[in-house]
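For reference, upload_14.csv (CSV, N, CA and C atoms):
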chain,number,residue,atom,x,y,z
Z,1,MET,N,-56.5,43.7,-182.1
Z,1,MET,CA,-56.7,43.8,-183.5
Z,1,MET,C,-55.9,44.9,-184.1
Z,2,GLY,N,-55.3,44.8,-185.2
Z,2,GLY,CA,-54.5,45.8,-185.8
Z,2,GLY,C,-54.5,45.7,-187.4
Z,3,LYS,N,-53.7,46.4,-188.0
Z,3,LYS,CA,-53.6,46.4,-189.5
Z,3,LYS,C,-52.2,46.5,-189.9
Z,4,ASN,N,-51.8,45.6,-190.8
Z,4,ASN,CA,-50.5,45.7,-191.5
Z,4,ASN,C,-50.6,46.8,-192.5
Z,5,MET,N,-49.9,47.8,-192.3
Z,5,MET,CA,-50.0,49.0,-193.2
Z,5,MET,C,-49.2,48.8,-194.5
Z,6,THR,N,-48.5,47.7,-194.7
Z,6,THR,CA,-47.8,47.5,-195.9
Z,6,THR,C,-48.8,46.9,-196.9
Z,7,ASP,N,-49.5,45.8,-196.5
Z,7,ASP,CA,-50.4,45.2,-197.5
Z,7,ASP,C,-51.9,45.3,-197.0
Z,8,PHE,N,-52.1,46.0,-195.9
Z,8,PHE,CA,-53.4,46.4,-195.4
Z,8,PHE,C,-54.3,45.2,-195.0
Z,9,ASN,N,-53.6,44.1,-194.5
Z,9,ASN,CA,-54.3,42.9,-194.0
Z,9,ASN,C,-54.4,43.1,-192.5
Z,10,PHE,N,-55.5,42.5,-191.9
Z,10,PHE,CA,-55.8,42.7,-190.5
Z,10,PHE,C,-54.9,41.8,-189.6
Z,11,LEU,N,-54.6,42.2,-188.4
Z,11,LEU,CA,-53.8,41.4,-187.5
Z,11,LEU,C,-54.6,41.1,-186.2
Z,12,ILE,N,-54.5,39.9,-185.6
Z,12,ILE,CA,-55.0,39.6,-184.3
Z,12,ILE,C,-53.9,39.2,-183.4
Z,13,ASN,N,-53.7,39.9,-182.3
Z,13,ASN,CA,-52.6,39.8,-181.4
Z,13,ASN,C,-51.3,39.9,-182.2
Z,14,GLY,N,-51.2,40.8,-183.1
Z,14,GLY,CA,-50.0,41.1,-183.9
Z,14,GLY,C,-49.7,40.1,-185.0
Z,15,ALA,N,-50.5,39.1,-185.2
Z,15,ALA,CA,-50.2,38.1,-186.2
Z,15,ALA,C,-51.2,38.2,-187.4
Z,16,GLN,N,-50.7,38.2,-188.6
Z,16,GLN,CA,-51.5,38.3,-189.8
Z,16,GLN,C,-51.9,36.9,-190.2
Z,17,TYR,N,-53.2,36.8,-190.6
Z,17,TYR,CA,-53.7,35.5,-191.1
Z,17,TYR,C,-53.2,35.2,-192.5
Z,18,ILE,N,-52.6,34.0,-192.6
Z,18,ILE,CA,-52.1,33.6,-193.9
Z,18,ILE,C,-52.9,32.3,-194.2
Z,19,PRO,N,-53.7,32.3,-195.3
Z,19,PRO,CA,-54.5,31.1,-195.5
Z,19,PRO,C,-53.7,29.9,-195.8
Z,20,PRO,N,-54.1,28.8,-195.3
Z,20,PRO,CA,-53.3,27.5,-195.5
Z,20,PRO,C,-53.5,27.0,-196.9
Z,21,SER,N,-52.6,26.1,-197.3
Z,21,SER,CA,-52.8,25.5,-198.7
Z,21,SER,C,-53.9,24.5,-198.7
Z,22,ILE,N,-54.2,23.9,-197.5
Z,22,ILE,CA,-55.4,23.0,-197.4
Z,22,ILE,C,-56.3,23.6,-196.3
Z,23,PRO,N,-57.6,23.8,-196.6
Z,23,PRO,CA,-58.5,24.4,-195.6
Z,23,PRO,C,-58.3,23.7,-194.3
Z,24,ILE,N,-58.4,24.5,-193.2
Z,24,ILE,CA,-58.2,24.1,-191.8
Z,24,ILE,C,-59.1,23.0,-191.4
Z,25,LEU,N,-60.4,23.1,-191.7
Z,25,LEU,CA,-61.4,22.1,-191.3
Z,25,LEU,C,-61.1,20.8,-192.0
Z,26,LEU,N,-60.7,20.8,-193.3
Z,26,LEU,CA,-60.3,19.7,-194.1
Z,26,LEU,C,-59.1,19.0,-193.5
Z,27,GLN,N,-58.1,19.8,-193.0
Z,27,GLN,CA,-56.9,19.2,-192.4
Z,27,GLN,C,-57.3,18.4,-191.2
Z,28,ILE,N,-58.3,18.8,-190.4
Z,28,ILE,CA,-58.7,18.1,-189.2
Z,28,ILE,C,-59.5,16.9,-189.5
Z,29,LEU,N,-60.5,17.1,-190.4
Z,29,LEU,CA,-61.4,16.0,-190.7
Z,29,LEU,C,-60.7,14.8,-191.5
Z,30,ASN,N,-59.7,15.1,-192.2
Z,30,ASN,CA,-58.9,14.1,-192.9
Z,30,ASN,C,-58.0,13.3,-191.9
Z,31,GLY,N,-57.9,13.8,-190.7
Z,31,GLY,CA,-57.1,13.2,-189.7
Z,31,GLY,C,-55.6,13.4,-189.9
Z,32,ALA,N,-55.3,14.3,-190.8
Z,32,ALA,CA,-53.8,14.5,-191.2
Z,32,ALA,C,-53.1,15.2,-190.0
Z,33,VAL,N,-53.8,16.0,-189.3
Z,33,VAL,CA,-53.2,16.7,-188.2
Z,33,VAL,C,-54.1,16.9,-187.0
Z,34,SER,N,-53.6,17.1,-185.8
Z,34,SER,CA,-54.4,17.5,-184.7
Z,34,SER,C,-54.6,19.0,-184.8
Z,35,PRO,N,-55.6,19.6,-184.1
Z,35,PRO,CA,-55.8,21.0,-184.2
Z,35,PRO,C,-54.6,21.9,-183.8
Z,36,TRP,N,-53.7,21.3,-183.0
Z,36,TRP,CA,-52.5,22.1,-182.6
Z,36,TRP,C,-51.4,22.1,-183.6
Z,37,GLN,N,-51.5,21.2,-184.7
Z,37,GLN,CA,-50.5,21.2,-185.7
Z,37,GLN,C,-50.9,21.9,-187.0
Z,38,ILE,N,-52.1,22.6,-186.9
Z,38,ILE,CA,-52.6,23.3,-188.1
Z,38,ILE,C,-51.7,24.3,-188.6
Z,39,GLU,N,-51.6,24.4,-189.9
Z,39,GLU,CA,-50.8,25.5,-190.5
Z,39,GLU,C,-51.8,26.6,-191.0
Z,40,PRO,N,-51.5,27.8,-190.9
Z,40,PRO,CA,-50.2,28.4,-190.4
Z,40,PRO,C,-50.1,28.3,-188.9
Z,41,LYS,N,-49.0,28.2,-188.4
Z,41,LYS,CA,-48.8,28.2,-186.9
Z,41,LYS,C,-49.4,29.4,-186.3
Z,42,GLY,N,-50.0,29.2,-185.1
Z,42,GLY,CA,-50.6,30.3,-184.4
Z,42,GLY,C,-52.0,30.6,-184.8
Z,43,SER,N,-52.6,29.8,-185.7
Z,43,SER,CA,-54.0,30.1,-186.1
Z,43,SER,C,-55.0,29.4,-185.2
Z,44,VAL,N,-54.6,28.6,-184.2
Z,44,VAL,CA,-55.5,28.0,-183.2
Z,44,VAL,C,-55.1,28.5,-181.8
Z,45,TYR,N,-56.1,28.9,-181.1
Z,45,TYR,CA,-55.9,29.3,-179.7
Z,45,TYR,C,-56.6,28.3,-178.8
Z,46,THR,N,-55.9,27.8,-177.9
Z,46,THR,CA,-56.5,26.8,-176.9
Z,46,THR,C,-57.1,27.6,-175.7
Z,47,LEU,N,-58.4,27.4,-175.5
Z,47,LEU,CA,-59.1,28.0,-174.4
Z,47,LEU,C,-59.5,27.0,-173.4
Z,48,PRO,N,-59.6,27.4,-172.1
Z,48,PRO,CA,-60.1,26.4,-171.1
Z,48,PRO,C,-61.6,26.1,-171.4
Z,49,LYS,N,-62.0,24.8,-171.0
Z,49,LYS,CA,-63.4,24.4,-171.2
Z,49,LYS,C,-64.3,25.0,-170.2
Z,50,VAL,N,-65.5,25.3,-170.8
Z,50,VAL,CA,-66.6,25.8,-170.0
Z,50,VAL,C,-66.2,27.0,-169.1
Z,51,ARG,N,-65.6,28.0,-169.7
Z,51,ARG,CA,-65.2,29.2,-169.0
Z,51,ARG,C,-65.7,30.4,-169.7
Z,52,LEU,N,-65.9,31.5,-169.0
Z,52,LEU,CA,-66.3,32.8,-169.6
Z,52,LEU,C,-65.1,33.5,-170.1
Z,53,ILE,N,-65.2,33.8,-171.4
Z,53,ILE,CA,-64.1,34.5,-172.1
Z,53,ILE,C,-64.6,35.9,-172.5
Z,54,GLU,N,-63.8,36.9,-172.2
Z,54,GLU,CA,-64.1,38.3,-172.6
Z,54,GLU,C,-63.0,38.8,-173.5
Z,55,ILE,N,-63.5,39.3,-174.7
Z,55,ILE,CA,-62.5,39.9,-175.7
Z,55,ILE,C,-62.9,41.4,-175.8
Z,56,THR,N,-61.8,42.2,-175.7
Z,56,THR,CA,-62.0,43.6,-175.9
Z,56,THR,C,-61.3,44.1,-177.1
Z,57,PHE,N,-62.0,44.8,-178.0
Z,57,PHE,CA,-61.3,45.4,-179.2
Z,57,PHE,C,-61.0,46.8,-178.8
Z,58,SER,N,-59.7,47.1,-178.8
Z,58,SER,CA,-59.2,48.4,-178.3
Z,58,SER,C,-59.7,49.5,-179.2
Z,59,PRO,N,-60.0,50.7,-178.7
Z,59,PRO,CA,-60.4,51.8,-179.5
Z,59,PRO,C,-59.3,52.5,-180.3
Z,60,LYS,N,-58.1,52.1,-180.1
Z,60,LYS,CA,-56.9,52.8,-180.8
Z,60,LYS,C,-56.4,51.9,-181.9
Z,61,ASN,N,-56.9,50.7,-182.2
Z,61,ASN,CA,-56.4,49.9,-183.2
Z,61,ASN,C,-56.8,50.4,-184.6
Z,62,PRO,N,-55.9,50.4,-185.6
Z,62,PRO,CA,-56.3,50.9,-186.9
Z,62,PRO,C,-57.1,49.8,-187.7
Z,63,GLY,N,-57.6,50.2,-188.8
Z,63,GLY,CA,-58.3,49.2,-189.7
Z,63,GLY,C,-59.7,49.0,-189.3
Z,64,ARG,N,-60.4,50.0,-188.8
Z,64,ARG,CA,-61.7,49.8,-188.3
Z,64,ARG,C,-62.7,50.7,-189.1
Z,65,PRO,N,-63.9,50.4,-189.2
Z,65,PRO,CA,-64.6,49.2,-188.7
Z,65,PRO,C,-64.3,47.9,-189.5
Z,66,HIS,N,-64.5,46.8,-188.8
Z,66,HIS,CA,-64.4,45.5,-189.5
Z,66,HIS,C,-65.3,44.5,-188.7
Z,67,PRO,N,-65.9,43.6,-189.5
Z,67,PRO,CA,-66.8,42.6,-188.8
Z,67,PRO,C,-65.9,41.6,-188.1
Z,68,PHE,N,-66.4,41.1,-186.9
Z,68,PHE,CA,-65.7,40.0,-186.2
Z,68,PHE,C,-66.8,38.9,-186.0
Z,69,HIS,N,-66.5,37.7,-186.5
Z,69,HIS,CA,-67.4,36.6,-186.4
Z,69,HIS,C,-66.7,35.5,-185.6
Z,70,LEU,N,-67.5,34.8,-184.7
Z,70,LEU,CA,-67.0,33.7,-183.9
Z,70,LEU,C,-67.7,32.5,-184.3
Z,71,HIS,N,-67.0,31.6,-185.0
Z,71,HIS,CA,-67.7,30.3,-185.4
Z,71,HIS,C,-68.1,29.4,-184.3
Z,72,GLY,N,-69.3,28.9,-184.3
Z,72,GLY,CA,-69.8,27.9,-183.4
Z,72,GLY,C,-70.3,28.5,-182.0
Z,73,HIS,N,-70.3,29.8,-181.9
Z,73,HIS,CA,-70.7,30.4,-180.7
Z,73,HIS,C,-71.6,31.6,-180.9
Z,74,GLN,N,-72.5,31.9,-180.1
Z,74,GLN,CA,-73.1,33.2,-180.0
Z,74,GLN,C,-72.4,33.9,-178.8
Z,75,PHE,N,-72.3,35.2,-178.9
Z,75,PHE,CA,-71.6,35.9,-177.8
Z,75,PHE,C,-72.5,37.0,-177.4
Z,76,ALA,N,-72.2,37.5,-176.1
Z,76,ALA,CA,-72.9,38.6,-175.6
Z,76,ALA,C,-72.1,39.9,-175.9
Z,77,VAL,N,-72.8,40.9,-176.5
Z,77,VAL,CA,-72.2,42.1,-176.8
Z,77,VAL,C,-72.3,43.0,-175.6
Z,78,ILE,N,-71.3,43.2,-174.8
Z,78,ILE,CA,-71.3,43.9,-173.6
Z,78,ILE,C,-71.2,45.4,-173.8
Z,79,LYS,N,-70.4,45.8,-174.8
Z,79,LYS,CA,-70.2,47.2,-175.2
Z,79,LYS,C,-69.9,47.3,-176.6
Z,80,SER,N,-70.5,48.3,-177.3
Z,80,SER,CA,-70.3,48.4,-178.7
Z,80,SER,C,-70.1,49.8,-179.3
Z,81,ASP,N,-69.7,50.7,-178.4
Z,81,ASP,CA,-69.5,52.1,-178.9
Z,81,ASP,C,-68.5,52.8,-178.0
Z,82,ALA,N,-68.4,54.1,-178.2
Z,82,ALA,CA,-67.5,54.9,-177.5
Z,82,ALA,C,-68.0,55.3,-176.1
Z,83,GLY,N,-69.2,55.0,-175.8
Z,83,GLY,CA,-69.8,55.4,-174.5
Z,83,GLY,C,-69.1,54.6,-173.3
Z,84,GLN,N,-69.5,54.9,-172.1
Z,84,GLN,CA,-68.9,54.3,-170.9
Z,84,GLN,C,-69.7,53.1,-170.5
Z,85,TYR,N,-71.0,53.0,-170.9
Z,85,TYR,CA,-71.9,52.0,-170.4
Z,85,TYR,C,-71.5,50.6,-170.9
Z,86,ARG,N,-71.5,49.6,-170.0
Z,86,ARG,CA,-71.3,48.2,-170.3
Z,86,ARG,C,-72.6,47.5,-169.9
Z,87,ASN,N,-73.2,46.7,-170.7
Z,87,ASN,CA,-74.4,46.1,-170.4
Z,87,ASN,C,-74.2,44.6,-170.0
Z,88,TYR,N,-74.0,44.4,-168.8
Z,88,TYR,CA,-73.8,43.0,-168.3
Z,88,TYR,C,-75.1,42.4,-167.9
Z,89,ASP,N,-76.1,43.1,-167.7
Z,89,ASP,CA,-77.4,42.6,-167.2
Z,89,ASP,C,-78.2,41.9,-168.3
Z,90,LYS,N,-78.4,42.5,-169.4
Z,90,LYS,CA,-79.2,41.9,-170.5
Z,90,LYS,C,-78.5,42.2,-171.9
Z,91,PRO,N,-77.3,41.7,-172.1
Z,91,PRO,CA,-76.6,42.0,-173.3
Z,91,PRO,C,-77.3,41.3,-174.5
Z,92,ILE,N,-77.2,42.0,-175.7
Z,92,ILE,CA,-77.7,41.4,-176.9
Z,92,ILE,C,-76.8,40.2,-177.3
Z,93,MET,N,-77.4,39.2,-177.9
Z,93,MET,CA,-76.6,38.0,-178.3
Z,93,MET,C,-76.4,38.1,-179.8
Z,94,ARG,N,-75.2,37.8,-180.3
Z,94,ARG,CA,-74.9,37.9,-181.7
Z,94,ARG,C,-73.8,36.8,-182.0
Z,95,ASP,N,-73.6,36.6,-183.3
Z,95,ASP,CA,-72.5,35.8,-183.8
Z,95,ASP,C,-71.5,36.6,-184.6
Z,96,THR,N,-71.9,37.8,-184.9
Z,96,THR,CA,-71.0,38.8,-185.6
Z,96,THR,C,-71.2,40.2,-185.0
Z,97,VAL,N,-70.1,40.9,-184.9
Z,97,VAL,CA,-70.2,42.3,-184.4
Z,97,VAL,C,-69.2,43.2,-185.2
Z,98,SER,N,-69.6,44.4,-185.3
Z,98,SER,CA,-68.6,45.4,-185.9
Z,98,SER,C,-67.6,45.7,-184.8
Z,99,THR,N,-66.3,45.8,-185.2
Z,99,THR,CA,-65.3,46.3,-184.2
Z,99,THR,C,-65.4,47.7,-184.0
Z,100,GLY,N,-66.3,48.5,-184.6
Z,100,GLY,CA,-66.5,49.9,-184.3
Z,100,GLY,C,-65.5,50.8,-185.1
Z,101,VAL,N,-65.7,52.1,-184.9
Z,101,VAL,CA,-64.8,53.1,-185.5
Z,101,VAL,C,-63.7,53.5,-184.5
Z,102,ALA,N,-62.9,54.5,-184.9
Z,102,ALA,CA,-61.7,54.8,-184.2
Z,102,ALA,C,-61.8,54.9,-182.7
Z,103,ASP,N,-62.8,55.5,-182.1
Z,103,ASP,CA,-62.9,55.7,-180.7
Z,103,ASP,C,-63.8,54.7,-180.0
Z,104,ASP,N,-64.3,53.7,-180.7
Z,104,ASP,CA,-65.2,52.8,-180.0
Z,104,ASP,C,-64.4,51.6,-179.4
Z,105,GLU,N,-64.9,51.3,-178.2
Z,105,GLU,CA,-64.4,50.1,-177.6
Z,105,GLU,C,-65.5,49.0,-177.6
Z,106,VAL,N,-65.2,47.9,-178.2
Z,106,VAL,CA,-66.2,46.8,-178.3
Z,106,VAL,C,-65.7,45.7,-177.4
Z,107,VAL,N,-66.7,45.2,-176.6
Z,107,VAL,CA,-66.4,44.1,-175.6
Z,107,VAL,C,-67.4,43.0,-175.9
Z,108,ILE,N,-67.0,41.8,-176.0
Z,108,ILE,CA,-67.9,40.6,-176.2
Z,108,ILE,C,-67.5,39.6,-175.1
Z,109,ARG,N,-68.5,38.7,-174.8
Z,109,ARG,CA,-68.2,37.6,-173.9
Z,109,ARG,C,-68.9,36.3,-174.4
Z,110,PHE,N,-68.3,35.2,-174.2
Z,110,PHE,CA,-68.9,33.9,-174.6
Z,110,PHE,C,-68.3,32.8,-173.6
Z,111,ILE,N,-69.1,31.7,-173.6
Z,111,ILE,CA,-68.7,30.6,-172.8
Z,111,ILE,C,-68.1,29.5,-173.7
Z,112,THR,N,-67.0,28.9,-173.3
Z,112,THR,CA,-66.3,27.9,-174.2
Z,112,THR,C,-67.0,26.6,-174.0
Z,113,ASP,N,-68.2,26.5,-174.5
Z,113,ASP,CA,-69.0,25.2,-174.3
Z,113,ASP,C,-69.1,24.5,-175.7
Z,114,ASN,N,-68.4,24.8,-176.7
Z,114,ASN,CA,-68.5,24.2,-178.0
Z,114,ASN,C,-67.1,23.9,-178.4
Z,115,PRO,N,-66.6,22.6,-178.2
Z,115,PRO,CA,-65.2,22.3,-178.5
Z,115,PRO,C,-64.8,22.3,-179.9
Z,116,GLY,N,-65.8,22.3,-180.8
Z,116,GLY,CA,-65.4,22.2,-182.3
Z,116,GLY,C,-65.1,20.8,-182.7
Z,117,PRO,N,-64.5,20.7,-183.9
Z,117,PRO,CA,-64.2,19.3,-184.4
Z,117,PRO,C,-63.1,18.6,-183.6
Transcribe the structure of this file into C-alpha cells.
Amino acid sequence: MGKNMTDFNFLINGAQYIPPSIPILLQILNGAVSPWQIEPKGSVYTLPKVRLIEITFSPKNPGRPHPFHLHGHQFAVIKSDAGQYRNYDKPIMRDTVSTGVADDEVVIRFITDNPGP
C-alpha cells in the first residue's frame, strides 16, 4: 500500500485505483465482460481456489492509517500494531481493519473460498 503524493490517492502494489465508467459488478452481471476484462486494467487479482492468503501492510508505507475492507470474506487479523506478537492461535475475525500508523505492521489471513460473481 502506498500513496500518490501528487493527488494523495492510495496505491495497492503501486497502482492507483481509477473508478470505471460503469460499476465493476454491473459490468459482470450484464455479461458484457468476464472478470479478467474489467476496466480499469489491473483492478482484478486472480487467486488460487481454497488457499490460505496472507497480506502484510508494511510499516513504512505512507498514507496511514486507512481502513482496508475485503468484500465477501472475513479475515483473521494476525497482527495489528508495532509489536512483535503475531496471533496465529486465536486471531480476531473481521471484514475491515485499519492499516495502522507509521510504525505498525498489519497482517491478515483469509481462505479463498468465495469465488464472487
Query raised in the report: Can you tell me, as a ChimeraX atom specification, what residues are no more than 9 Å from Ile111 (chain Z) when counting only C-alpha atoms, ignoring any on the same chain fewer than 2 positions away?
Result: /Z:49-54,73-75,109,113-114
Report task. Measure the distance from atom C of Asn13 (chain Z) to atom N of Ser58 (chain Z) in Å and round it to one decimal. Result -> 11.6 Å
Query raised in the report: Within 7 Å of Thr99 (chain Z), counting only C-alpha atoms, which residues qualify if same-chain residues fewer than 3 places away don't, as a PyMOL selection string?
Result: chain Z and resi 57+64-68+106
For N, CA and C atoms, I'd like the residues from the last selection saved as a PDB file, in the frame of the given file.
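Output saved as out16.pdb:
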ATOM      1  N   PHE Z  57     -62.000  44.800-178.000  1.00  0.00           N
ATOM      2  CA  PHE Z  57     -61.300  45.400-179.200  1.00  0.00           C
ATOM      3  C   PHE Z  57     -61.000  46.800-178.800  1.00  0.00           C
ATOM      4  N   ARG Z  64     -60.400  50.000-188.800  1.00  0.00           N
ATOM      5  CA  ARG Z  64     -61.700  49.800-188.300  1.00  0.00           C
ATOM      6  C   ARG Z  64     -62.700  50.700-189.100  1.00  0.00           C
ATOM      7  N   PRO Z  65     -63.900  50.400-189.200  1.00  0.00           N
ATOM      8  CA  PRO Z  65     -64.600  49.200-188.700  1.00  0.00           C
ATOM      9  C   PRO Z  65     -64.300  47.900-189.500  1.00  0.00           C
ATOM     10  N   HIS Z  66     -64.500  46.800-188.800  1.00  0.00           N
ATOM     11  CA  HIS Z  66     -64.400  45.500-189.500  1.00  0.00           C
ATOM     12  C   HIS Z  66     -65.300  44.500-188.700  1.00  0.00           C
ATOM     13  N   PRO Z  67     -65.900  43.600-189.500  1.00  0.00           N
ATOM     14  CA  PRO Z  67     -66.800  42.600-188.800  1.00  0.00           C
ATOM     15  C   PRO Z  67     -65.900  41.600-188.100  1.00  0.00           C
ATOM     16  N   PHE Z  68     -66.400  41.100-186.900  1.00  0.00           N
ATOM     17  CA  PHE Z  68     -65.700  40.000-186.200  1.00  0.00           C
ATOM     18  C   PHE Z  68     -66.800  38.900-186.000  1.00  0.00           C
ATOM     19  N   VAL Z 106     -65.200  47.900-178.200  1.00  0.00           N
ATOM     20  CA  VAL Z 106     -66.200  46.800-178.300  1.00  0.00           C
ATOM     21  C   VAL Z 106     -65.700  45.700-177.400  1.00  0.00           C
TER      22      VAL Z 106
END
Requested in this report: Take the point (-67.7, 38.0, -179.7) in the file's coordinates, draw a sphere of radius 7 Å around it, and report as JSON, numbers by chain every protein, DNA or RNA residue with an atom inside or on it, counting only N, CA and C atoms.
Outcome: {"Z": [55, 68, 69, 70, 74, 75, 76, 77, 94, 95, 96, 97, 107, 108, 109, 110]}
Create the file for the chosen residues now, containing N, CA and C atoms and written as a PDB file, in the coordinates of the input.
ATOM      1  N   ILE Z  55     -63.500  39.300-174.700  1.00  0.00           N
ATOM      2  CA  ILE Z  55     -62.500  39.900-175.700  1.00  0.00           C
ATOM      3  C   ILE Z  55     -62.900  41.400-175.800  1.00  0.00           C
ATOM      4  N   PHE Z  68     -66.400  41.100-186.900  1.00  0.00           N
ATOM      5  CA  PHE Z  68     -65.700  40.000-186.200  1.00  0.00           C
ATOM      6  C   PHE Z  68     -66.800  38.900-186.000  1.00  0.00           C
ATOM      7  N   HIS Z  69     -66.500  37.700-186.500  1.00  0.00           N
ATOM      8  CA  HIS Z  69     -67.400  36.600-186.400  1.00  0.00           C
ATOM      9  C   HIS Z  69     -66.700  35.500-185.600  1.00  0.00           C
ATOM     10  N   LEU Z  70     -67.500  34.800-184.700  1.00  0.00           N
ATOM     11  CA  LEU Z  70     -67.000  33.700-183.900  1.00  0.00           C
ATOM     12  C   LEU Z  70     -67.700  32.500-184.300  1.00  0.00           C
ATOM     13  N   GLN Z  74     -72.500  31.900-180.100  1.00  0.00           N
ATOM     14  CA  GLN Z  74     -73.100  33.200-180.000  1.00  0.00           C
ATOM     15  C   GLN Z  74     -72.400  33.900-178.800  1.00  0.00           C
ATOM     16  N   PHE Z  75     -72.300  35.200-178.900  1.00  0.00           N
ATOM     17  CA  PHE Z  75     -71.600  35.900-177.800  1.00  0.00           C
ATOM     18  C   PHE Z  75     -72.500  37.000-177.400  1.00  0.00           C
ATOM     19  N   ALA Z  76     -72.200  37.500-176.100  1.00  0.00           N
ATOM     20  CA  ALA Z  76     -72.900  38.600-175.600  1.00  0.00           C
ATOM     21  C   ALA Z  76     -72.100  39.900-175.900  1.00  0.00           C
ATOM     22  N   VAL Z  77     -72.800  40.900-176.500  1.00  0.00           N
ATOM     23  CA  VAL Z  77     -72.200  42.100-176.800  1.00  0.00           C
ATOM     24  C   VAL Z  77     -72.300  43.000-175.600  1.00  0.00           C
ATOM     25  N   ARG Z  94     -75.200  37.800-180.300  1.00  0.00           N
ATOM     26  CA  ARG Z  94     -74.900  37.900-181.700  1.00  0.00           C
ATOM     27  C   ARG Z  94     -73.800  36.800-182.000  1.00  0.00           C
ATOM     28  N   ASP Z  95     -73.600  36.600-183.300  1.00  0.00           N
ATOM     29  CA  ASP Z  95     -72.500  35.800-183.800  1.00  0.00           C
ATOM     30  C   ASP Z  95     -71.500  36.600-184.600  1.00  0.00           C
ATOM     31  N   THR Z  96     -71.900  37.800-184.900  1.00  0.00           N
ATOM     32  CA  THR Z  96     -71.000  38.800-185.600  1.00  0.00           C
ATOM     33  C   THR Z  96     -71.200  40.200-185.000  1.00  0.00           C
ATOM     34  N   VAL Z  97     -70.100  40.900-184.900  1.00  0.00           N
ATOM     35  CA  VAL Z  97     -70.200  42.300-184.400  1.00  0.00           C
ATOM     36  C   VAL Z  97     -69.200  43.200-185.200  1.00  0.00           C
ATOM     37  N   VAL Z 107     -66.700  45.200-176.600  1.00  0.00           N
ATOM     38  CA  VAL Z 107     -66.400  44.100-175.600  1.00  0.00           C
ATOM     39  C   VAL Z 107     -67.400  43.000-175.900  1.00  0.00           C
ATOM     40  N   ILE Z 108     -67.000  41.800-176.000  1.00  0.00           N
ATOM     41  CA  ILE Z 108     -67.900  40.600-176.200  1.00  0.00           C
ATOM     42  C   ILE Z 108     -67.500  39.600-175.100  1.00  0.00           C
ATOM     43  N   ARG Z 109     -68.500  38.700-174.800  1.00  0.00           N
ATOM     44  CA  ARG Z 109     -68.200  37.600-173.900  1.00  0.00           C
ATOM     45  C   ARG Z 109     -68.900  36.300-174.400  1.00  0.00           C
ATOM     46  N   PHE Z 110     -68.300  35.200-174.200  1.00  0.00           N
ATOM     47  CA  PHE Z 110     -68.900  33.900-174.600  1.00  0.00           C
ATOM     48  C   PHE Z 110     -68.300  32.800-173.600  1.00  0.00           C
TER      49      PHE Z 110
END
Requested in this report: Provide the CA of Val101 (chain Z) to CA of Ala82 (chain Z) distance in Å, to one decimal place.
Outcome: 8.6 Å
Fill-in result for region 76-80 of chain Z, all heavy atoms as a PDB file, in the coordinates of the input:
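selection39.pdb, freshly written:
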ATOM      1  N   ALA Z  76     -72.200  37.500-176.100  1.00  0.00           N
ATOM      2  CA  ALA Z  76     -72.900  38.600-175.600  1.00  0.00           C
ATOM      3  C   ALA Z  76     -72.100  39.900-175.900  1.00  0.00           C
ATOM      4  O   ALA Z  76     -70.935  39.927-175.705  1.00  0.00           O
ATOM      5  CB  ALA Z  76     -73.042  38.493-174.069  1.00  0.00           C
ATOM      6  N   VAL Z  77     -72.800  40.900-176.500  1.00  0.00           N
ATOM      7  CA  VAL Z  77     -72.200  42.100-176.800  1.00  0.00           C
ATOM      8  C   VAL Z  77     -72.300  43.000-175.600  1.00  0.00           C
ATOM      9  O   VAL Z  77     -73.419  43.505-175.315  1.00  0.00           O
ATOM     10  CB  VAL Z  77     -72.780  42.804-178.087  1.00  0.00           C
ATOM     11  CG1 VAL Z  77     -72.096  44.138-178.366  1.00  0.00           C
ATOM     12  CG2 VAL Z  77     -72.671  41.875-179.298  1.00  0.00           C
ATOM     13  N   ILE Z  78     -71.300  43.200-174.800  1.00  0.00           N
ATOM     14  CA  ILE Z  78     -71.300  43.900-173.600  1.00  0.00           C
ATOM     15  C   ILE Z  78     -71.200  45.400-173.800  1.00  0.00           C
ATOM     16  O   ILE Z  78     -71.821  46.189-173.168  1.00  0.00           O
ATOM     17  CB  ILE Z  78     -70.110  43.434-172.683  1.00  0.00           C
ATOM     18  CG1 ILE Z  78     -70.159  41.922-172.452  1.00  0.00           C
ATOM     19  CG2 ILE Z  78     -70.077  44.210-171.382  1.00  0.00           C
ATOM     20  CD1 ILE Z  78     -71.415  41.425-171.794  1.00  0.00           C
ATOM     21  N   LYS Z  79     -70.400  45.800-174.800  1.00  0.00           N
ATOM     22  CA  LYS Z  79     -70.200  47.200-175.200  1.00  0.00           C
ATOM     23  C   LYS Z  79     -69.900  47.300-176.600  1.00  0.00           C
ATOM     24  O   LYS Z  79     -69.144  46.486-177.175  1.00  0.00           O
ATOM     25  CB  LYS Z  79     -69.015  47.756-174.347  1.00  0.00           C
ATOM     26  CG  LYS Z  79     -68.803  49.249-174.481  1.00  0.00           C
ATOM     27  CD  LYS Z  79     -67.752  49.712-173.457  1.00  0.00           C
ATOM     28  CE  LYS Z  79     -67.598  51.201-173.447  1.00  0.00           C
ATOM     29  NZ  LYS Z  79     -66.927  51.732-174.619  1.00  0.00           N
ATOM     30  N   SER Z  80     -70.500  48.300-177.300  1.00  0.00           N
ATOM     31  CA  SER Z  80     -70.300  48.400-178.700  1.00  0.00           C
ATOM     32  C   SER Z  80     -70.100  49.800-179.300  1.00  0.00           C
ATOM     33  O   SER Z  80     -70.319  50.028-180.450  1.00  0.00           O
ATOM     34  CB  SER Z  80     -71.455  47.698-179.475  1.00  0.00           C
ATOM     35  OG  SER Z  80     -72.654  48.384-179.203  1.00  0.00           O
TER      36      SER Z  80
END
